[in-house]
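Chemist: Take this structure, written in structure tokens, and hold onto it; I'll ask about it next.
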Amino acid sequence: MFYCNILINTCFTAACLPFGELGTVVPKSGGLYIFLQTAFRTCHPFFGELPAFIYFWITYTVIFPSATAVNAILFSEYSYEILQMFVNSQELCDEVILKSILGASAILIVGALNCASVKLYIKSQDILTYTKMTIIVFIVGCGVYMFISGKSQDFDPGFKGTNLSFYGLSQALYFGLYAYDGGNFITGITEEIKNPEKNIIYSLLISMSIVITTYLSLNITFLTVLSPAEIENGTTVISDFADKLFGQKGCVVASGTISLCLLLSIMCGIFYCSRVGYVAAREGHIAEILCCTHKTTKTPIPAVVVLVIISLLWFFSGQDLALLIDMFGFFSWLTYGFTMVALFVLRRKFPDAYRPFRVPSAIPVIVIFISFSLVVMSVLLAGLHLILIAGVCMSFITLLYYIFVYRAFRIKYFDTFQKNLQIWFRLESPYDEIKS
């Protein structure tokens, strides 16, 4: 278990480093979308822009909204547990209704903060992050105290009686890397970063070091108190850890910590994906209204609002949680693999581009292999119906691309509707500057 975490950390580090190079070669916001767009758009009159178009629509309508829905569902579960500890269950309204309110409220509050002010949003995220890290340091401190005082159990990495296999290793990577996803988010806001050619790689290296240290420390801490069997058969590791040390009061802290982490994940996802929507609209891959920003707050309100609505639809859709995670994994690793291919295309396309950081070629090759292996793993775990869902989604998106991008079809009166929205909600578009 402990060694598996080291392997996952190594893969996580390898997967993030290429984005340091991509972010400096293509100094634009949009993350993976803009990398695919820049690499392939001139390769073919029809297929050139298709990878970026498919990635955007899958990301904006499936990957991030479904991930947000998963986090909101889990947030509602743990928040409900906290309420039950303080309020008599008979005084609470229907469990299903209350959980729906809690989960939907999390998405709506994050969306409202994002629309109100970027500074307020970042400050709120900072406060929550510092709170989370304080709790994590406290938990690790408890583990250190247990070890020093001799009250801990013998350290067991959890590999006794197990066999090493490619399938088992792939499963561990598939589920483990889901928790680590997000190292590339910094490239989604490149245009909002000072000195991106330096700060992107610094941010990646510093954040990776913090995340790796935190996760390894927590895993060692949990294994000083819980046995691998207790971890495997328990509900959540942190809840079992807190219950063993502090009883019911510890469970409140554990549930609060998990809720906090889930809320932060929702915040990061909506912030990143709304910027991808803004850039895609600027590139002409979705309605122009999504690249509009508020005249006062300068926030991409339409992109945020549409993303929040789609996330709420996923949340209330009643989809199976495992299916949402499988869809997230399938599309995420598929796009990561193609983005690493885009890195080699950009090296060939712009050999003289400024590269303050150049990742060794072996790393993106390894990431390509891992990515496509995890795509196969997601199909094996979820079943062939996942391929059917993916095929239908990509076929429909390709049809949209043919009609609205390749053939440049415009819906009658839609431009007037967009213009009215700009006036009503005091929005400004980058196209207005170009026209003027």
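Residues are referred to by chain and number: the chain letter is A, B, ... according to the order shown in the structure tokens, the number counts from 1 in that chain, and ligands are numbered separately from 1 in the order shown.
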Mind checking which residues fall within 12 Å of Tyr80 in chain A, counting only C-alpha atoms, ignoring those fewer than 5 positions away in the same chain, and posting them as a list of chain:residue names?

Modeler: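 Residues meeting the cut-off are A:Ala72, A:Ile73, A:Leu74, A:Phe75, A:Met85, A:Phe86, A:Val87, A:Asn88, A:Ser89, A:Leu92, A:Cys93, A:Asp94, A:Glu95, A:Val96, A:Ile97, A:Leu98, A:Lys99, A:Ser100, A:Ile101, A:Leu102, A:Gly103, A:Val252, A:Ser255, A:Gly256, A:Ser259.
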
Chemist: If we count only C-alpha atoms, what is near range 204-211 of chain A at a cut-off of 10 Å, once residues fewer than 3 positions away on the same chain are taken out, given as a list in words?

Modeler: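 Contacts, in chain order: Asn9, Phe12, Thr13, Cys16, Leu17, Phe19, Gly20, Tyr180, Gly183, Asn184, Phe185, Ile186, Thr187, Asn199, Ile200, Ile201, Thr214, Tyr215, Leu216 and Ser217 of chain A.
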
Chemist: Restrict the selected residues to C-alpha atoms and save them as a PDB file, in the first residue's frame.

Modeler:
ATOM      1  CA  ASN A   9       3.517   9.773  -6.758  1.00  0.00           C
ATOM      2  CA  PHE A  12       1.897  11.881 -10.945  1.00  0.00           C
ATOM      3  CA  THR A  13       5.194  13.793 -11.082  1.00  0.00           C
ATOM      4  CA  CYS A  16       2.744  16.940 -14.635  1.00  0.00           C
ATOM      5  CA  LEU A  17       6.222  17.895 -15.851  1.00  0.00           C
ATOM      6  CA  PHE A  19       2.790  20.734 -18.846  1.00  0.00           C
ATOM      7  CA  GLY A  20       5.654  22.965 -17.704  1.00  0.00           C
ATOM      8  CA  TYR A 180      -4.096  13.152  -7.903  1.00  0.00           C
ATOM      9  CA  GLY A 183      -1.628  19.021 -11.727  1.00  0.00           C
ATOM     10  CA  ASN A 184      -2.186  20.650 -15.114  1.00  0.00           C
ATOM     11  CA  PHE A 185      -4.817  23.153 -13.890  1.00  0.00           C
ATOM     12  CA  ILE A 186      -2.222  25.945 -13.659  1.00  0.00           C
ATOM     13  CA  THR A 187      -1.996  25.999 -17.483  1.00  0.00           C
ATOM     14  CA  ASN A 199       5.999  30.697 -12.515  1.00  0.00           C
ATOM     15  CA  ILE A 200       4.234  27.797 -14.277  1.00  0.00           C
ATOM     16  CA  ILE A 201       7.124  25.378 -13.778  1.00  0.00           C
ATOM     17  CA  THR A 214       1.195  15.446   2.250  1.00  0.00           C
ATOM     18  CA  TYR A 215      -0.153  12.202   0.784  1.00  0.00           C
ATOM     19  CA  LEU A 216       2.823  10.103   1.836  1.00  0.00           C
ATOM     20  CA  SER A 217       2.764  11.598   5.340  1.00  0.00           C
TER      21      SER A 217
END

Chemist: With the cut-off set at 12 Å and counting only C-alpha atoms, tabulate each residue of range 189-247 of chain A with an atom at most that distance from an atom of range 268-276 of chain A, showing the nearest atom pair and its distance in Å to one decimal, ordered by chain and increasing number, as CSV.

Modeler:
residue,atom,partner,partner_atom,distance
A:Ile189,CA,A:Arg275,CA,6.8
A:Thr190,CA,A:Arg275,CA,10.0
A:Glu191,CA,A:Arg275,CA,10.2
A:Glu192,CA,A:Arg275,CA,10.3

Chemist: If we count only C-alpha atoms and set the cut-off at 9 Å, which residues sit around Ile301 in chain A, ignoring sequence neighbours fewer than 3 positions away in its own chain? Please answer as a ChimeraX atom specification.

Modeler: /A:111,114-116,274,290-294,298,304-306,427

Chemist: Got time to write the residues from that selection, C-alpha atoms, as a short mmCIF file (atom, residue, chain, number, x, y, z; two decimals), in the first residue's frame?

Modeler:
data_model
loop_
_atom_site.label_atom_id
_atom_site.label_comp_id
_atom_site.auth_asym_id
_atom_site.auth_seq_id
_atom_site.Cartn_x
_atom_site.Cartn_y
_atom_site.Cartn_z
CA GLY A 111 -20.47 29.47 -8.91
CA ASN A 114 -16.63 32.77 -9.13
CA CYS A 115 -19.00 35.29 -10.72
CA ALA A 116 -18.68 37.88 -7.94
CA SER A 274 -14.90 27.99 -16.90
CA LEU A 290 -19.14 32.51 -23.25
CA CYS A 291 -16.02 34.61 -23.86
CA CYS A 292 -17.72 37.70 -22.45
CA THR A 293 -16.65 39.10 -19.09
CA HIS A 294 -18.44 41.44 -16.72
CA LYS A 298 -13.86 41.07 -15.26
CA VAL A 304 -19.35 29.98 -15.18
CA VAL A 305 -23.17 30.05 -15.23
CA VAL A 306 -23.46 27.54 -18.09
CA LEU A 427 -20.88 42.08 -20.45
#

Chemist: For range 255-338 of chain A against range 23-43 of chain A, with a cut-off of 8 Å and counting only C-alpha atoms, what is the closest atom pair and its distance in Å to one decimal for every residue that makes the cut, ordered by chain and number, as CSV?

Modeler:
residue,atom,partner,partner_atom,distance
A:Arg275,CA,A:Gly30,CA,6.3
A:Val276,CA,A:Gly30,CA,4.5
A:Gly277,CA,A:Gly30,CA,8.0
A:Val279,CA,A:Gly30,CA,5.7
A:Ala280,CA,A:Gly30,CA,7.6
A:Thr335,CA,A:Leu32,CA,7.8
A:Tyr336,CA,A:Leu32,CA,7.9
A:Phe338,CA,A:Leu36,CA,7.9

Chemist: Return the single residue from A:Leu264, A:Leu323, A:Tyr354, A:Thr297 that is closest to Tyr130 in chain A, with distances computed using only C-alpha atoms.

Modeler: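 Closest residue, counting only C-alpha atoms: A:Leu264.
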
Chemist: So, with only C-alpha atoms as the atoms that count, which of A:Ile193, A:Ala281, A:Leu113, A:Leu108 lies closest to Pro430 in chain A?

Modeler: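 Smallest separation from Pro430 in chain A among the options: A:Ala281.
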
Chemist: Check the DSSP output for the backbone and give back, as a PyMOL selection string, the residues of range 108-322 of chain A in helix (DSSP H, G or I).

Modeler: chain A and resi 108-116+118-148+166-180+185-192+196-225+228-233+237-246+248-282+288-291+301-316+321-322

Chemist: Please list as a list of chain:residue names every residue within 9 Å of Val110 in chain A, counting only C-alpha atoms and excluding residues in the same chain fewer than 6 positions away.

Modeler: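 That gives A:Tyr121, A:Leu263, A:Ile266, A:Met267, A:Ile270, A:Phe271, A:Val308.
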
Chemist: What does the file look like for those residues with C-alpha atoms, as a JSON list (two decimals), in the first residue's frame?

Modeler:
[["chain", "number", "residue", "atom", "x", "y", "z"],
["A", 121, "TYR", "CA", -12.82, 33.56, -4.95],
["A", 263, "LEU", "CA", -15.55, 21.68, -1.64],
["A", 266, "ILE", "CA", -15.42, 21.73, -6.73],
["A", 267, "MET", "CA", -13.87, 25.20, -6.56],
["A", 270, "ILE", "CA", -15.26, 25.16, -11.85],
["A", 271, "PHE", "CA", -12.53, 27.82, -11.88],
["A", 308, "VAL", "CA", -22.84, 25.40, -13.10]]

Chemist: Please identify every residue of range 46-110 of chain A that has at least one atom no farther than 12 Å from an atom of range 374-390 of chain A, counting only C-alpha atoms, and for each give the shortest atom pair and the distance in Å to one decimal, arranged by chain then increasing number, as JSON lines.

Modeler:
{"residue": "A:Ile54", "atom": "CA", "partner": "A:Ala390", "partner_atom": "CA", "distance": 11.1}
{"residue": "A:Ile58", "atom": "CA", "partner": "A:Ala390", "partner_atom": "CA", "distance": 9.4}
{"residue": "A:Val62", "atom": "CA", "partner": "A:Ala390", "partner_atom": "CA", "distance": 10.3}
{"residue": "A:Ile63", "atom": "CA", "partner": "A:Ala390", "partner_atom": "CA", "distance": 11.5}

Chemist: Those residues with N, CA and C atoms, as a PDB file, in the first residue's frame please?

Modeler:
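Ended up saving to result.pdb:
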ATOM      1  N   ILE A  54     -13.440  18.421 -29.804  1.00  0.00           N
ATOM      2  CA  ILE A  54     -13.974  17.281 -29.057  1.00  0.00           C
ATOM      3  C   ILE A  54     -13.546  17.369 -27.600  1.00  0.00           C
ATOM      4  N   ILE A  58     -16.260  17.597 -24.550  1.00  0.00           N
ATOM      5  CA  ILE A  58     -16.250  16.512 -23.578  1.00  0.00           C
ATOM      6  C   ILE A  58     -15.916  17.050 -22.190  1.00  0.00           C
ATOM      7  N   VAL A  62     -19.012  16.910 -19.952  1.00  0.00           N
ATOM      8  CA  VAL A  62     -18.955  15.588 -19.324  1.00  0.00           C
ATOM      9  C   VAL A  62     -17.929  15.517 -18.203  1.00  0.00           C
ATOM     10  N   ILE A  63     -16.637  15.718 -18.525  1.00  0.00           N
ATOM     11  CA  ILE A  63     -15.569  15.442 -17.556  1.00  0.00           C
ATOM     12  C   ILE A  63     -15.719  16.262 -16.287  1.00  0.00           C
TER      13      ILE A  63
END
